[in-house]
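Student: My structure is below; once you've seen it, I'll send some questions.
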Amino acid sequence: WAQTSGDAELIALMDRAFNLSMITSPQSMTSLGLDTGTYSYMRSRLDQVGEAAEDMNERLARRELAALNAISESSLSETGKVRQGITRFMLEQQLLSDGLKVPFVGAPYRLSQQDGAYFDIPDFLNSQHPIETREDAEAYLSRLAAFPFVLDDETAAQAEDAANGVSAPRWSLDLVDGQISAL
């Protein structure tokens with residue numbers, strides 16, 4: 001792939017956007033096997049939930065989208081133009097829920113019978129968090145200790161969502177209640 005100066009700028013932006021998304025999502029880092037070496041400290045953390053985390057991710061996406069749009073398409077190779085378009089689409093998807101008062105348009109309910117930290121984190125710890133060393137086990141215990149706090153944050157965010165008229169149907173929330181009680 002013959003690169004232009006615009007391509008080099010685009011690649012740097014894409015790398016930065018990816019790295020920022022990983023730093024704000026320690027669970028994704030673990031899932032991708034990137035929480036090693038310099039980033040090994042991320043193995044003991046959970047993703048943050050709630051309005052503050054969503055606001056931060058939105059600000060990052062807006063900043064990266066503005067930087068992406070500042071790269072002139074005429075400075076890009078054909079491959080660069082495709083990559084710019086894909087990156088733009090991905091960043092725009094992150095911003096679709098802006099102003100709709102929902103966390104993500106693809107899953108508008110923070111809590112449902114299949115969405116929420118109560119559902120995701122136990123599955124993540126069971127199926128994706130590696131436990132091969134003492135450090136892995138200690139990181140697992142750190143994540144387990146942080147789990148109730150993430151649940152508290154999500155509960156507060158769910159209460160705010162409900163106050164704004166956004167919540168899953170009653171039947172779904174009844175299932176959530178049963179699942180949380182079983183947990």
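Chain labels A, B, ... are given in the sequence in which chains occur in the structure tokens; within each chain residues are numbered consecutively from 1, and ligands are likewise numbered from 1 in the order shown.
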If you count only C-alpha atoms, which residues fall within 10 Å of Ser72 (chain A), apart from same-chain ones fewer than 6 positions away, as a PyMOL selection string?

Tutor: chain A and resi 6+10+81+84

Student: Just asking: which residues within chain A are alpha helix (DSSP H) according to DSSP, as a ChimeraX atom specification?

Tutor: /A:5-23,26-31,51-69,78-95,117-127,134-163,170-182

Student: Skipping near chain neighbours, those fewer than 3 positions away, what residues fall within 12 Å of Arg110 (chain A) using only C-alpha atoms, listed as a PyMOL selection string?

Tutor: chain A and resi 49-51+54+101-107+113-120+151+153-162+166-169+172-173+176

Student: Hey, can you check how far CA of Leu144 (chain A) sits from CA of Ile180 (chain A)?

Tutor: 15.4 Å

Student: Would you mind reading off the distance between CA of Asp123 (chain A) and CA of Gln93 (chain A), one decimal, in Å?

Tutor: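 Distance between the two atoms: 25.4 Å.
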
Student: What is the CA of Asp152 (chain A) to CA of Arg45 (chain A) distance in Å?

Tutor: 15.8 Å

Student: Do a neighbour search on region 17-24 of chain A at 9 Å with only C-alpha atoms, toss out local chain neighbours closer than 2 positions, and write the hits as a count of residues only.

Tutor: 19

Student: Let me make sure I understand: among A:Thr38, A:Asp98, A:Gln3, A:Ser31, which one has the smallest atom-to-atom distance to Phe124 (chain A) if we use only C-alpha atoms?

Tutor: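 When distances to Phe124 (chain A) are compared using only C-alpha atoms, the smallest one comes from A:Ser31.
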
Student: Which residue is closest to Leu65 (chain A)? Choose from A:Ser181, A:Thr87, A:Ser112, A:Thr133 and count only C-alpha atoms.

Tutor: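 Of A:Ser181, A:Thr87, A:Ser112, A:Thr133, the one nearest Leu65 (chain A) is A:Thr87, counting only C-alpha atoms.
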
Student: As a PyMOL selection string, please: the residues near Glu9 (chain A) (cut-off 10 Å, only C-alpha atoms, same-chain neighbours under 6 positions excluded).

Tutor: chain A and resi 15+67-68+71+75-76+80
